[in-house]
Amino acid sequence: MLAGRRVVLGVSGGVAAYKSAYLARRLVEAGAVVRVVMTASALHFVGPQTFSAITGTPPVTDLFSGPAVSPHTELGQWADVVVIAPATAATLSRIATGLSEDALVATVLASKAPLVLAPAMHTEMWEHPATRRTMALLEADGHHVVGPGSGPLAMGDVGTGRMSEPDEILAAVDAVLGGSPMGGVRVLVTAGGTREPIDPVRYLGNRSSGKMGFAIAEEAVARGAVVTLVTTADFTGDRGVEVVAVETAQDMAEAVWARAAESDVAVMAAAVADFRPADPAGTKLRRKDGPPGLELEPTPDVLAGVAASDDRPFLIGFAAETGPSDGAIEKARSKGVDLLVANDVTEDGSGFGTDTNRVTIILPDGTVEPWPMLTKREVAARLWDRVAEMRTGGSS
Ligand code: CTP
């Protein structure tokens, strides 16, 4: 399954470029998020607007004229897979030798993602010793080559060198991605800090940015999961995520409890208020009336509601601590979770608003696993690996 996977489609200058538009469409239909990079020669064969319309994003056509500061590194790091179709003799040769002055080859070099190449050229070019050397280098580098097939070529010629059909390339991309490790798994994630109204203008809130929950949601989508994100913070990330926007702990509880039974895994990464103003004012509180005496009342415990439900999902809680996570071990037991992610939000580079996090994984049996400082996306990836082990009965 390609659902939620991030595909960079490189198009180089051959007549088969017209088929790349259809490949882009097939990838989008399969649920992939597609970004296109075109070489200057490709622009002679197919217009960038075609790819904009199919993928929803204008293709990158050179390194310097677009809005992105560094389009090749952005795309290269973003990609789960890079596929080049058609891959001309010239483009293949530049990849093999690392000649990266165009946006497409620069993206390939800036990426650690697997590379799928669909060569397309005339038979003489395919069989030329230069191309043979190029292909030997590319295969030795571990890149995946699909085709070419035999059949009609440009100018009425017939022979080997015809680009593989888009569906065959699609299947090769899917296979390279190893299918989807979380294909069909239904995931519910909460993110952000709740906002509890004091009056129509003001609220009691907290410093949570939602970044950890977002990373968990996006990593799950990248692994093929069907993801619902219940969030108070604006999510502008992956289009493959179903977003439910909420404000208060009460809204979040209702949204989560309505969806918990149909989820396989629930990750409660939100920073939910424990108390809210008992009687929020219906109109703006006035300075001249002096400080309001705020009476607070408890909010619903979203996580506890999920833990107590029949047919509950595999449940992951978060514990934001201010200091060592000793209290989190007791929390893991009392909260009824399968796994607790604890972090000290006062530590540098950890917790609210940062892009990194140092977390400790705690299991109800008392197992404690301190993880190193990682990016939030890396924490998310490790977390899903750990959950996969536990759900399939692996080591825990
Ligand atoms: N949580 C929740 N609903 C609440 C409060 C917390 O679902 N009203 C969830 C959080 O999303 C998190 C976990 O409970 O996954 C732990 O949150 P935390 O604030 O660390 O713990 P509390 O239960 O509030 O305990 P304490 O205030 O004693 O730290």
# chains A, B, ... in the order shown; residues from 1 in each chain; ligands from 1

call {"tool": "residues_around", "arguments": {"residues": "stretch 264-280 of chain A", "least_positions_apart": "3", "cutoff": "8 Å", "atoms": "only C-alpha atoms", "output": "JSON list (two decimals) with all heavy atoms, in the first residue's frame"}}
result
[["chain", "number", "residue", "atom", "x", "y", "z"],
["A", 185, "VAL", "N", -3.89, -0.33, 9.89],
["A", 185, "VAL", "CA", -3.99, -0.12, 11.35],
["A", 185, "VAL", "C", -4.65, 1.24, 11.60],
["A", 185, "VAL", "O", -4.26, 2.25, 11.01],
["A", 185, "VAL", "CB", -2.59, -0.16, 12.03],
["A", 185, "VAL", "CG1", -2.70, 0.16, 13.51],
["A", 185, "VAL", "CG2", -1.94, -1.51, 11.81],
["A", 186, "ARG", "N", -5.70, 1.26, 12.45],
["A", 186, "ARG", "CA", -6.42, 2.51, 12.72],
["A", 186, "ARG", "C", -5.85, 3.16, 13.97],
["A", 186, "ARG", "O", -5.85, 2.56, 15.05],
["A", 186, "ARG", "CB", -7.91, 2.22, 12.88],
["A", 186, "ARG", "CG", -8.55, 1.75, 11.57],
["A", 186, "ARG", "CD", -9.84, 1.02, 11.83],
["A", 186, "ARG", "NE", -9.65, -0.05, 12.82],
["A", 186, "ARG", "CZ", -10.64, -0.75, 13.34],
["A", 186, "ARG", "NH1", -11.87, -0.52, 12.97],
["A", 186, "ARG", "NH2", -10.40, -1.70, 14.23],
["A", 187, "VAL", "N", -5.36, 4.36, 13.80],
["A", 187, "VAL", "CA", -4.64, 5.05, 14.87],
["A", 187, "VAL", "C", -5.38, 6.34, 15.24],
["A", 187, "VAL", "O", -5.80, 7.09, 14.37],
["A", 187, "VAL", "CB", -3.20, 5.37, 14.41],
["A", 187, "VAL", "CG1", -2.51, 6.32, 15.37],
["A", 187, "VAL", "CG2", -2.39, 4.09, 14.26],
["A", 188, "LEU", "N", -5.50, 6.57, 16.55],
["A", 188, "LEU", "CA", -6.10, 7.80, 17.06],
["A", 188, "LEU", "C", -5.03, 8.53, 17.87],
["A", 188, "LEU", "O", -4.43, 7.93, 18.77],
["A", 188, "LEU", "CB", -7.28, 7.41, 17.95],
["A", 188, "LEU", "CG", -8.12, 8.52, 18.59],
["A", 188, "LEU", "CD1", -8.78, 9.39, 17.52],
["A", 188, "LEU", "CD2", -9.21, 7.88, 19.48],
["A", 189, "VAL", "N", -4.76, 9.79, 17.53],
["A", 189, "VAL", "CA", -3.71, 10.55, 18.22],
["A", 189, "VAL", "C", -4.32, 11.85, 18.75],
["A", 189, "VAL", "O", -5.10, 12.50, 18.04],
["A", 189, "VAL", "CB", -2.55, 10.90, 17.25],
["A", 189, "VAL", "CG1", -1.45, 11.68, 17.98],
["A", 189, "VAL", "CG2", -1.97, 9.65, 16.61],
["A", 190, "THR", "N", -3.98, 12.22, 19.99],
["A", 190, "THR", "CA", -4.34, 13.56, 20.46],
["A", 190, "THR", "C", -3.08, 14.42, 20.50],
["A", 190, "THR", "O", -1.98, 13.90, 20.72],
["A", 190, "THR", "CB", -4.99, 13.54, 21.86],
["A", 190, "THR", "OG1", -4.02, 13.13, 22.83],
["A", 190, "THR", "CG2", -6.21, 12.64, 21.90],
["A", 191, "ALA", "N", -3.27, 15.72, 20.28],
["A", 191, "ALA", "CA", -2.11, 16.62, 20.28],
["A", 191, "ALA", "C", -2.51, 18.02, 20.71],
["A", 191, "ALA", "O", -3.66, 18.42, 20.56],
["A", 191, "ALA", "CB", -1.51, 16.67, 18.87],
["A", 192, "GLY", "N", -1.52, 18.73, 21.23],
["A", 192, "GLY", "CA", -1.73, 20.13, 21.61],
["A", 192, "GLY", "C", -2.21, 20.29, 23.04],
["A", 192, "GLY", "O", -2.46, 19.31, 23.74],
["A", 193, "GLY", "N", -2.29, 21.53, 23.46],
["A", 193, "GLY", "CA", -2.76, 21.83, 24.81],
["A", 193, "GLY", "C", -4.20, 22.31, 24.77],
["A", 193, "GLY", "O", -4.56, 23.08, 23.87],
["A", 194, "THR", "N", -5.01, 21.86, 25.69],
["A", 194, "THR", "CA", -6.41, 22.30, 25.67],
["A", 194, "THR", "C", -6.52, 23.73, 26.17],
["A", 194, "THR", "O", -5.64, 24.23, 26.88],
["A", 194, "THR", "CB", -7.31, 21.38, 26.51],
["A", 194, "THR", "OG1", -6.84, 21.39, 27.85],
["A", 194, "THR", "CG2", -7.30, 19.97, 25.96],
["A", 195, "ARG", "N", -7.60, 24.37, 25.80],
["A", 195, "ARG", "CA", -7.87, 25.77, 26.18],
["A", 195, "ARG", "C", -9.21, 25.80, 26.88],
["A", 195, "ARG", "O", -10.24, 25.43, 26.29],
["A", 195, "ARG", "CB", -7.95, 26.64, 24.94],
["A", 195, "ARG", "CG", -6.65, 26.68, 24.19],
["A", 195, "ARG", "CD", -6.84, 27.35, 22.87],
["A", 195, "ARG", "NE", -5.54, 27.60, 22.25],
["A", 195, "ARG", "CZ", -5.38, 28.33, 21.16],
["A", 195, "ARG", "NH1", -6.41, 28.88, 20.57],
["A", 195, "ARG", "NH2", -4.18, 28.51, 20.67],
["A", 196, "GLU", "N", -9.18, 26.23, 28.14],
["A", 196, "GLU", "CA", -10.40, 26.21, 28.96],
["A", 196, "GLU", "C", -10.87, 27.64, 29.17],
["A", 196, "GLU", "O", -10.17, 28.43, 29.82],
["A", 196, "GLU", "CB", -10.11, 25.51, 30.30],
["A", 196, "GLU", "CG", -9.42, 24.15, 30.16],
["A", 196, "GLU", "CD", -10.25, 23.12, 29.39],
["A", 196, "GLU", "OE1", -11.49, 23.24, 29.41],
["A", 196, "GLU", "OE2", -9.65, 22.22, 28.76],
["A", 197, "PRO", "N", -12.03, 28.01, 28.63],
["A", 197, "PRO", "CA", -12.44, 29.42, 28.65],
["A", 197, "PRO", "C", -12.66, 29.99, 30.05],
["A", 197, "PRO", "O", -13.22, 29.32, 30.92],
["A", 197, "PRO", "CB", -13.74, 29.44, 27.85],
["A", 197, "PRO", "CG", -14.15, 28.05, 27.65],
["A", 197, "PRO", "CD", -12.99, 27.16, 27.91],
["A", 198, "ILE", "N", -12.16, 31.23, 30.20],
["A", 198, "ILE", "CA", -12.43, 32.03, 31.39],
["A", 198, "ILE", "C", -13.62, 32.96, 31.05],
["A", 198, "ILE", "O", -14.55, 33.11, 31.82],
["A", 198, "ILE", "CB", -11.19, 32.86, 31.77],
["A", 198, "ILE", "CG1", -10.03, 31.93, 32.14],
["A", 198, "ILE", "CG2", -11.51, 33.84, 32.90],
["A", 198, "ILE", "CD1", -8.69, 32.64, 32.31],
["A", 199, "ASP", "N", -13.51, 33.55, 29.85],
["A", 199, "ASP", "CA", -14.60, 34.35, 29.29],
["A", 199, "ASP", "C", -14.46, 34.18, 27.78],
["A", 199, "ASP", "O", -13.63, 33.40, 27.33],
["A", 199, "ASP", "CB", -14.51, 35.81, 29.81],
["A", 199, "ASP", "CG", -13.30, 36.57, 29.28],
["A", 199, "ASP", "OD1", -12.65, 36.09, 28.33],
["A", 199, "ASP", "OD2", -13.00, 37.66, 29.80],
["A", 204, "LEU", "N", -7.59, 29.40, 30.05],
["A", 204, "LEU", "CA", -6.47, 28.76, 30.75],
["A", 204, "LEU", "C", -5.86, 27.76, 29.78],
["A", 204, "LEU", "O", -6.57, 26.90, 29.25],
["A", 204, "LEU", "CB", -6.97, 27.99, 31.98],
["A", 204, "LEU", "CG", -7.45, 28.78, 33.19],
["A", 204, "LEU", "CD1", -7.85, 27.82, 34.31],
["A", 204, "LEU", "CD2", -6.34, 29.72, 33.69],
["A", 205, "GLY", "N", -4.57, 27.88, 29.54],
["A", 205, "GLY", "CA", -3.94, 26.98, 28.57],
["A", 205, "GLY", "C", -2.61, 26.49, 29.07],
["A", 205, "GLY", "O", -2.28, 26.65, 30.24],
["A", 206, "ASN", "N", -1.85, 25.86, 28.18],
["A", 206, "ASN", "CA", -0.51, 25.40, 28.55],
["A", 206, "ASN", "C", 0.40, 25.51, 27.34],
["A", 206, "ASN", "O", -0.03, 25.91, 26.25],
["A", 206, "ASN", "CB", -0.56, 23.97, 29.12],
["A", 206, "ASN", "CG", -1.06, 22.98, 28.10],
["A", 206, "ASN", "OD1", -0.43, 22.74, 27.09],
["A", 206, "ASN", "ND2", -2.26, 22.42, 28.35],
["A", 208, "SER", "N", 1.95, 23.41, 25.39],
["A", 208, "SER", "CA", 2.12, 22.35, 24.40],
["A", 208, "SER", "C", 1.94, 22.89, 22.97],
["A", 208, "SER", "O", 0.98, 23.60, 22.70],
["A", 208, "SER", "CB", 1.10, 21.24, 24.66],
["A", 208, "SER", "OG", 1.11, 20.34, 23.58],
["A", 210, "GLY", "N", 1.95, 20.75, 20.24],
["A", 210, "GLY", "CA", 1.36, 19.71, 19.40],
["A", 210, "GLY", "C", 2.37, 18.96, 18.55],
["A", 210, "GLY", "O", 2.03, 17.98, 17.89],
["A", 212, "MET", "N", 4.86, 16.89, 19.07],
["A", 212, "MET", "CA", 5.11, 15.45, 19.30],
["A", 212, "MET", "C", 3.96, 14.62, 18.73],
["A", 212, "MET", "O", 4.18, 13.63, 18.04],
["A", 212, "MET", "CB", 5.30, 15.20, 20.81],
["A", 212, "MET", "CG", 5.81, 13.83, 21.16],
["A", 212, "MET", "SD", 7.47, 13.48, 20.53],
["A", 212, "MET", "CE", 7.15, 12.17, 19.38],
["A", 213, "GLY", "N", 2.73, 15.05, 19.02],
["A", 213, "GLY", "CA", 1.57, 14.32, 18.49],
["A", 213, "GLY", "C", 1.54, 14.35, 16.97],
["A", 213, "GLY", "O", 1.22, 13.35, 16.32],
["A", 231, "THR", "N", -6.92, 17.43, 17.72],
["A", 231, "THR", "CA", -5.89, 18.40, 18.08],
["A", 231, "THR", "C", -6.46, 19.79, 18.39],
["A", 231, "THR", "O", -7.44, 20.20, 17.77],
["A", 231, "THR", "CB", -4.83, 18.53, 16.96],
["A", 231, "THR", "OG1", -3.88, 19.53, 17.31],
["A", 231, "THR", "CG2", -5.44, 18.87, 15.62],
["A", 249, "ALA", "N", -10.88, 20.35, 27.04],
["A", 249, "ALA", "CA", -10.76, 18.95, 27.46],
["A", 249, "ALA", "C", -12.07, 18.21, 27.19],
["A", 249, "ALA", "O", -12.07, 17.05, 26.76],
["A", 249, "ALA", "CB", -10.42, 18.89, 28.94],
["A", 260, "ALA", "N", -12.75, 5.87, 20.01],
["A", 260, "ALA", "CA", -11.78, 4.94, 20.61],
["A", 260, "ALA", "C", -12.06, 3.48, 20.24],
["A", 260, "ALA", "O", -11.13, 2.73, 19.91],
["A", 260, "ALA", "CB", -11.77, 5.11, 22.12],
["A", 261, "ALA", "N", -13.34, 3.10, 20.27],
["A", 261, "ALA", "CA", -13.65, 1.68, 20.06],
["A", 261, "ALA", "C", -13.28, 1.22, 18.66],
["A", 261, "ALA", "O", -12.95, 0.05, 18.45],
["A", 261, "ALA", "CB", -15.13, 1.44, 20.33],
["A", 294, "LEU", "N", -11.43, 33.01, 40.37],
["A", 294, "LEU", "CA", -11.66, 31.87, 39.46],
["A", 294, "LEU", "C", -11.86, 30.58, 40.25],
["A", 294, "LEU", "O", -10.92, 30.09, 40.88],
["A", 294, "LEU", "CB", -10.45, 31.68, 38.54],
["A", 294, "LEU", "CG", -10.36, 32.49, 37.27],
["A", 294, "LEU", "CD1", -9.18, 31.99, 36.44],
["A", 294, "LEU", "CD2", -11.65, 32.37, 36.45],
["A", 295, "GLU", "N", -13.03, 30.06, 40.18],
["A", 295, "GLU", "CA", -13.24, 28.76, 40.82],
["A", 295, "GLU", "C", -13.05, 27.68, 39.75],
["A", 295, "GLU", "O", -13.56, 27.81, 38.62],
["A", 295, "GLU", "CB", -14.66, 28.70, 41.38],
["A", 295, "GLU", "CG", -14.84, 27.54, 42.34],
["A", 295, "GLU", "CD", -16.29, 27.41, 42.79],
["A", 295, "GLU", "OE1", -16.93, 28.46, 42.98],
["A", 295, "GLU", "OE2", -16.74, 26.26, 42.93],
["A", 296, "LEU", "N", -12.27, 26.67, 40.09],
["A", 296, "LEU", "CA", -11.96, 25.63, 39.09],
["A", 296, "LEU", "C", -12.70, 24.34, 39.42],
["A", 296, "LEU", "O", -13.00, 24.06, 40.58],
["A", 296, "LEU", "CB", -10.45, 25.38, 39.05],
["A", 296, "LEU", "CG", -9.58, 26.58, 38.71],
["A", 296, "LEU", "CD1", -8.10, 26.19, 38.72],
["A", 296, "LEU", "CD2", -9.95, 27.17, 37.36],
["A", 297, "GLU", "N", -12.93, 23.55, 38.36],
["A", 297, "GLU", "CA", -13.50, 22.22, 38.58],
["A", 297, "GLU", "C", -12.72, 21.23, 37.72],
["A", 297, "GLU", "O", -12.09, 21.62, 36.74],
["A", 297, "GLU", "CB", -14.99, 22.21, 38.20],
["A", 297, "GLU", "CG", -15.22, 22.45, 36.72],
["A", 297, "GLU", "CD", -16.69, 22.43, 36.29],
["A", 297, "GLU", "OE1", -17.56, 22.46, 37.18],
["A", 297, "GLU", "OE2", -16.94, 22.38, 35.08],
["A", 298, "PRO", "N", -12.74, 19.94, 38.06],
["A", 298, "PRO", "CA", -11.96, 18.97, 37.28],
["A", 298, "PRO", "C", -12.53, 18.81, 35.87],
["A", 298, "PRO", "O", -13.73, 18.94, 35.68],
["A", 298, "PRO", "CB", -12.10, 17.66, 38.05],
["A", 298, "PRO", "CG", -12.72, 18.01, 39.35],
["A", 298, "PRO", "CD", -13.42, 19.31, 39.19],
["A", 299, "THR", "N", -11.64, 18.54, 34.91],
["A", 299, "THR", "CA", -12.06, 18.20, 33.54],
["A", 299, "THR", "C", -12.18, 16.68, 33.44],
["A", 299, "THR", "O", -11.66, 15.97, 34.31],
["A", 299, "THR", "CB", -10.98, 18.65, 32.54],
["A", 299, "THR", "OG1", -9.76, 18.02, 32.95],
["A", 299, "THR", "CG2", -10.84, 20.14, 32.51],
["A", 300, "PRO", "N", -12.83, 16.18, 32.38],
["A", 300, "PRO", "CA", -12.81, 14.73, 32.20],
["A", 300, "PRO", "C", -11.39, 14.24, 31.93],
["A", 300, "PRO", "O", -10.61, 14.94, 31.27],
["A", 300, "PRO", "CB", -13.71, 14.48, 30.99],
["A", 300, "PRO", "CG", -13.96, 15.80, 30.37],
["A", 300, "PRO", "CD", -13.59, 16.88, 31.36],
["A", 301, "ASP", "N", -11.04, 13.07, 32.41],
["A", 301, "ASP", "CA", -9.74, 12.46, 32.10],
["A", 301, "ASP", "C", -9.94, 11.65, 30.81],
["A", 301, "ASP", "O", -10.55, 10.58, 30.83],
["A", 301, "ASP", "CB", -9.28, 11.59, 33.27],
["A", 301, "ASP", "CG", -7.85, 11.09, 33.07],
["A", 301, "ASP", "OD1", -7.45, 10.89, 31.90],
["A", 301, "ASP", "OD2", -7.14, 10.89, 34.07],
["A", 303, "LEU", "N", -7.88, 10.09, 28.79],
["A", 303, "LEU", "CA", -7.16, 8.82, 28.75],
["A", 303, "LEU", "C", -7.85, 7.77, 29.63],
["A", 303, "LEU", "O", -8.04, 6.62, 29.21],
["A", 303, "LEU", "CB", -5.72, 9.04, 29.18],
["A", 303, "LEU", "CG", -4.79, 7.86, 29.11],
["A", 303, "LEU", "CD1", -3.41, 8.33, 28.68],
["A", 303, "LEU", "CD2", -4.68, 7.13, 30.42],
["A", 313, "PRO", "N", -8.54, 0.28, 22.64],
["A", 313, "PRO", "CA", -7.36, 0.11, 21.78],
["A", 313, "PRO", "C", -6.10, -0.09, 22.61],
["A", 313, "PRO", "O", -6.10, 0.16, 23.82],
["A", 313, "PRO", "CB", -7.29, 1.45, 21.03],
["A", 313, "PRO", "CG", -8.03, 2.43, 21.88],
["A", 313, "PRO", "CD", -9.05, 1.66, 22.66],
["A", 314, "PHE", "N", -5.02, -0.48, 21.96],
["A", 314, "PHE", "CA", -3.68, -0.44, 22.57],
["A", 314, "PHE", "C", -3.45, 1.01, 22.95],
["A", 314, "PHE", "O", -3.58, 1.91, 22.11],
["A", 314, "PHE", "CB", -2.64, -0.92, 21.56],
["A", 314, "PHE", "CG", -1.25, -1.05, 22.12],
["A", 314, "PHE", "CD1", -0.78, -2.27, 22.56],
["A", 314, "PHE", "CD2", -0.42, 0.06, 22.20],
["A", 314, "PHE", "CE1", 0.51, -2.39, 23.06],
["A", 314, "PHE", "CE2", 0.86, -0.04, 22.70],
["A", 314, "PHE", "CZ", 1.32, -1.27, 23.13],
["A", 315, "LEU", "N", -3.11, 1.25, 24.21],
["A", 315, "LEU", "CA", -3.20, 2.62, 24.72],
["A", 315, "LEU", "C", -1.83, 3.15, 25.16],
["A", 315, "LEU", "O", -1.15, 2.55, 25.99],
["A", 315, "LEU", "CB", -4.18, 2.63, 25.89],
["A", 315, "LEU", "CG", -4.51, 3.97, 26.53],
["A", 315, "LEU", "CD1", -5.02, 4.99, 25.50],
["A", 315, "LEU", "CD2", -5.57, 3.78, 27.62],
["A", 316, "ILE", "N", -1.48, 4.30, 24.59],
["A", 316, "ILE", "CA", -0.21, 4.95, 24.93],
["A", 316, "ILE", "C", -0.52, 6.29, 25.59],
["A", 316, "ILE", "O", -1.24, 7.12, 25.02],
["A", 316, "ILE", "CB", 0.63, 5.18, 23.66],
["A", 316, "ILE", "CG1", 0.92, 3.83, 23.00],
["A", 316, "ILE", "CG2", 1.92, 5.93, 23.99],
["A", 316, "ILE", "CD1", 1.56, 3.94, 21.65],
["A", 317, "GLY", "N", 0.02, 6.48, 26.78],
["A", 317, "GLY", "CA", -0.14, 7.75, 27.48],
["A", 317, "GLY", "C", 1.16, 8.52, 27.45],
["A", 317, "GLY", "O", 2.24, 7.96, 27.20],
["A", 318, "PHE", "N", 1.07, 9.79, 27.72],
["A", 318, "PHE", "CA", 2.25, 10.64, 27.87],
["A", 318, "PHE", "C", 2.27, 11.19, 29.29],
["A", 318, "PHE", "O", 1.22, 11.37, 29.88],
["A", 318, "PHE", "CB", 2.23, 11.81, 26.87],
["A", 318, "PHE", "CG", 2.91, 11.45, 25.57],
["A", 318, "PHE", "CD1", 2.33, 10.52, 24.72],
["A", 318, "PHE", "CD2", 4.12, 12.03, 25.21],
["A", 318, "PHE", "CE1", 2.96, 10.18, 23.53],
["A", 318, "PHE", "CE2", 4.74, 11.70, 24.02],
["A", 318, "PHE", "CZ", 4.17, 10.77, 23.18],
["A", 320, "ALA", "N", 4.02, 14.37, 31.13],
["A", 320, "ALA", "CA", 4.91, 15.53, 31.15],
["A", 320, "ALA", "C", 5.30, 15.76, 32.59],
["A", 320, "ALA", "O", 4.47, 16.08, 33.42],
["A", 320, "ALA", "CB", 4.16, 16.74, 30.61]]

call {"tool": "residues_around", "arguments": {"residues": "A:Glu74", "least_positions_apart": "5", "cutoff": "9 Å", "atoms": "only C-alpha atoms", "output": "short mmCIF file (atom, residue, chain, number, x, y, z; two decimals) with all heavy atoms, in the first residue's frame"}}
result
data_model
loop_
_atom_site.label_atom_id
_atom_site.label_comp_id
_atom_site.auth_asym_id
_atom_site.auth_seq_id
_atom_site.Cartn_x
_atom_site.Cartn_y
_atom_site.Cartn_z
N ALA A 68 11.42 27.94 -2.63
CA ALA A 68 12.15 27.21 -1.59
C ALA A 68 13.63 27.61 -1.62
O ALA A 68 14.23 27.81 -2.68
CB ALA A 68 12.02 25.72 -1.81
N VAL A 69 14.22 27.72 -0.43
CA VAL A 69 15.63 28.09 -0.32
C VAL A 69 16.51 26.94 -0.81
O VAL A 69 17.52 27.13 -1.48
CB VAL A 69 15.97 28.41 1.15
CG1 VAL A 69 17.45 28.69 1.31
CG2 VAL A 69 15.15 29.60 1.64
N ALA A 79 11.29 12.71 1.27
CA ALA A 79 10.83 11.55 0.50
C ALA A 79 10.94 10.22 1.25
O ALA A 79 11.92 9.97 1.94
CB ALA A 79 11.64 11.44 -0.79
N THR A 107 18.36 16.38 -5.90
CA THR A 107 17.39 15.78 -4.97
C THR A 107 17.77 14.32 -4.69
O THR A 107 17.74 13.87 -3.55
CB THR A 107 15.96 15.86 -5.55
OG1 THR A 107 15.64 17.22 -5.78
CG2 THR A 107 14.94 15.24 -4.61
N ALA A 110 20.58 14.23 -2.36
CA ALA A 110 20.26 14.76 -1.03
C ALA A 110 19.32 13.83 -0.27
O ALA A 110 18.82 14.19 0.78
CB ALA A 110 19.64 16.14 -1.16
#

call {"tool": "atom_distance", "arguments": {"atom1": "atom CA of A:Thr392", "atom2": "atom CA of A:Val221"}}
result
19.3 Å

call {"tool": "select_by_dssp", "arguments": {"residues": "stretch 206-276 of chain A", "states": "alpha helix (DSSP H)", "output": "PyMOL selection string"}}
result
chain A and resi 211-222+249-260

call {"tool": "residues_around", "arguments": {"residues": "A:Thr232", "least_positions_apart": "5", "cutoff": "6 Å", "atoms": "only C-alpha atoms", "output": "PyMOL selection string"}}
result
chain A and resi 192+245-247

call {"tool": "atom_distance", "arguments": {"atom1": "atom CA of A:Ile362", "atom2": "atom CA of A:Leu340"}}
result
5.1 Å

call {"tool": "select_by_dssp", "arguments": {"residues": "stretch 201-254 of chain A", "states": "strand (DSSP E or B)", "output": "list in words"}}
result
Tyr203, Leu204, Val226, Val227, Thr228, Leu229, Val230, Thr231, Val241, Glu242, Val243, Val244 and Ala245 of chain A

call {"tool": "closest_residue", "arguments": {"among": "A:Ala90, A:Val82, A:Ala217, A:Ala136", "to": "A:Ala113", "atoms": "only C-alpha atoms"}}
result
A:Val82

call {"tool": "decode", "arguments": {"residues": "stretch 261-278 of chain A", "atoms": "N, CA and C atoms", "output": "PDB file, in the first residue's frame"}}
result
ATOM      1  N   ALA A 261     -13.341   3.104  20.267  1.00  0.00           N
ATOM      2  CA  ALA A 261     -13.654   1.683  20.060  1.00  0.00           C
ATOM      3  C   ALA A 261     -13.283   1.217  18.661  1.00  0.00           C
ATOM      4  N   GLU A 262     -13.316   2.139  17.697  1.00  0.00           N
ATOM      5  CA  GLU A 262     -12.996   1.710  16.329  1.00  0.00           C
ATOM      6  C   GLU A 262     -11.505   1.890  16.007  1.00  0.00           C
ATOM      7  N   SER A 263     -10.701   2.222  17.026  1.00  0.00           N
ATOM      8  CA  SER A 263      -9.265   2.399  16.796  1.00  0.00           C
ATOM      9  C   SER A 263      -8.497   1.172  17.286  1.00  0.00           C
ATOM     10  N   ASP A 264      -7.357   0.905  16.652  1.00  0.00           N
ATOM     11  CA  ASP A 264      -6.493  -0.197  17.106  1.00  0.00           C
ATOM     12  C   ASP A 264      -5.462   0.309  18.113  1.00  0.00           C
ATOM     13  N   VAL A 265      -5.018   1.547  17.905  1.00  0.00           N
ATOM     14  CA  VAL A 265      -4.014   2.131  18.800  1.00  0.00           C
ATOM     15  C   VAL A 265      -4.416   3.583  19.084  1.00  0.00           C
ATOM     16  N   ALA A 266      -4.366   3.973  20.356  1.00  0.00           N
ATOM     17  CA  ALA A 266      -4.630   5.372  20.705  1.00  0.00           C
ATOM     18  C   ALA A 266      -3.406   5.946  21.400  1.00  0.00           C
ATOM     19  N   VAL A 267      -2.972   7.105  20.932  1.00  0.00           N
ATOM     20  CA  VAL A 267      -1.798   7.763  21.509  1.00  0.00           C
ATOM     21  C   VAL A 267      -2.244   9.108  22.066  1.00  0.00           C
ATOM     22  N   MET A 268      -2.228   9.221  23.387  1.00  0.00           N
ATOM     23  CA  MET A 268      -2.743  10.427  24.035  1.00  0.00           C
ATOM     24  C   MET A 268      -1.572  11.375  24.326  1.00  0.00           C
ATOM     25  N   ALA A 269      -1.165  12.093  23.267  1.00  0.00           N
ATOM     26  CA  ALA A 269      -0.004  12.985  23.406  1.00  0.00           C
ATOM     27  C   ALA A 269      -0.409  14.401  23.817  1.00  0.00           C
ATOM     28  N   ALA A 270      -1.693  14.678  23.874  1.00  0.00           N
ATOM     29  CA  ALA A 270      -2.133  16.041  24.206  1.00  0.00           C
ATOM     30  C   ALA A 270      -1.828  16.369  25.661  1.00  0.00           C
ATOM     31  N   ALA A 271      -1.631  17.653  25.905  1.00  0.00           N
ATOM     32  CA  ALA A 271      -1.503  18.152  27.279  1.00  0.00           C
ATOM     33  C   ALA A 271      -2.891  18.670  27.672  1.00  0.00           C
ATOM     34  N   VAL A 272      -3.611  17.818  28.365  1.00  0.00           N
ATOM     35  CA  VAL A 272      -5.015  18.126  28.674  1.00  0.00           C
ATOM     36  C   VAL A 272      -5.068  18.825  30.036  1.00  0.00           C
ATOM     37  N   ALA A 273      -5.839  19.908  30.106  1.00  0.00           N
ATOM     38  CA  ALA A 273      -5.995  20.611  31.393  1.00  0.00           C
ATOM     39  C   ALA A 273      -6.652  19.668  32.388  1.00  0.00           C
ATOM     40  N   ASP A 274      -6.198  19.722  33.622  1.00  0.00           N
ATOM     41  CA  ASP A 274      -6.845  18.920  34.663  1.00  0.00           C
ATOM     42  C   ASP A 274      -8.007  19.672  35.301  1.00  0.00           C
ATOM     43  N   PHE A 275      -7.957  21.006  35.201  1.00  0.00           N
ATOM     44  CA  PHE A 275      -9.015  21.822  35.818  1.00  0.00           C
ATOM     45  C   PHE A 275      -9.441  22.907  34.839  1.00  0.00           C
ATOM     46  N   ARG A 276     -10.697  23.317  34.956  1.00  0.00           N
ATOM     47  CA  ARG A 276     -11.217  24.392  34.103  1.00  0.00           C
ATOM     48  C   ARG A 276     -12.043  25.344  34.965  1.00  0.00           C
ATOM     49  N   PRO A 277     -12.190  26.592  34.522  1.00  0.00           N
ATOM     50  CA  PRO A 277     -13.069  27.496  35.260  1.00  0.00           C
ATOM     51  C   PRO A 277     -14.476  26.889  35.348  1.00  0.00           C
ATOM     52  N   ALA A 278     -15.017  26.873  36.581  1.00  0.00           N
ATOM     53  CA  ALA A 278     -16.292  26.183  36.785  1.00  0.00           C
ATOM     54  C   ALA A 278     -17.431  26.931  36.103  1.00  0.00           C
TER      55      ALA A 278
END
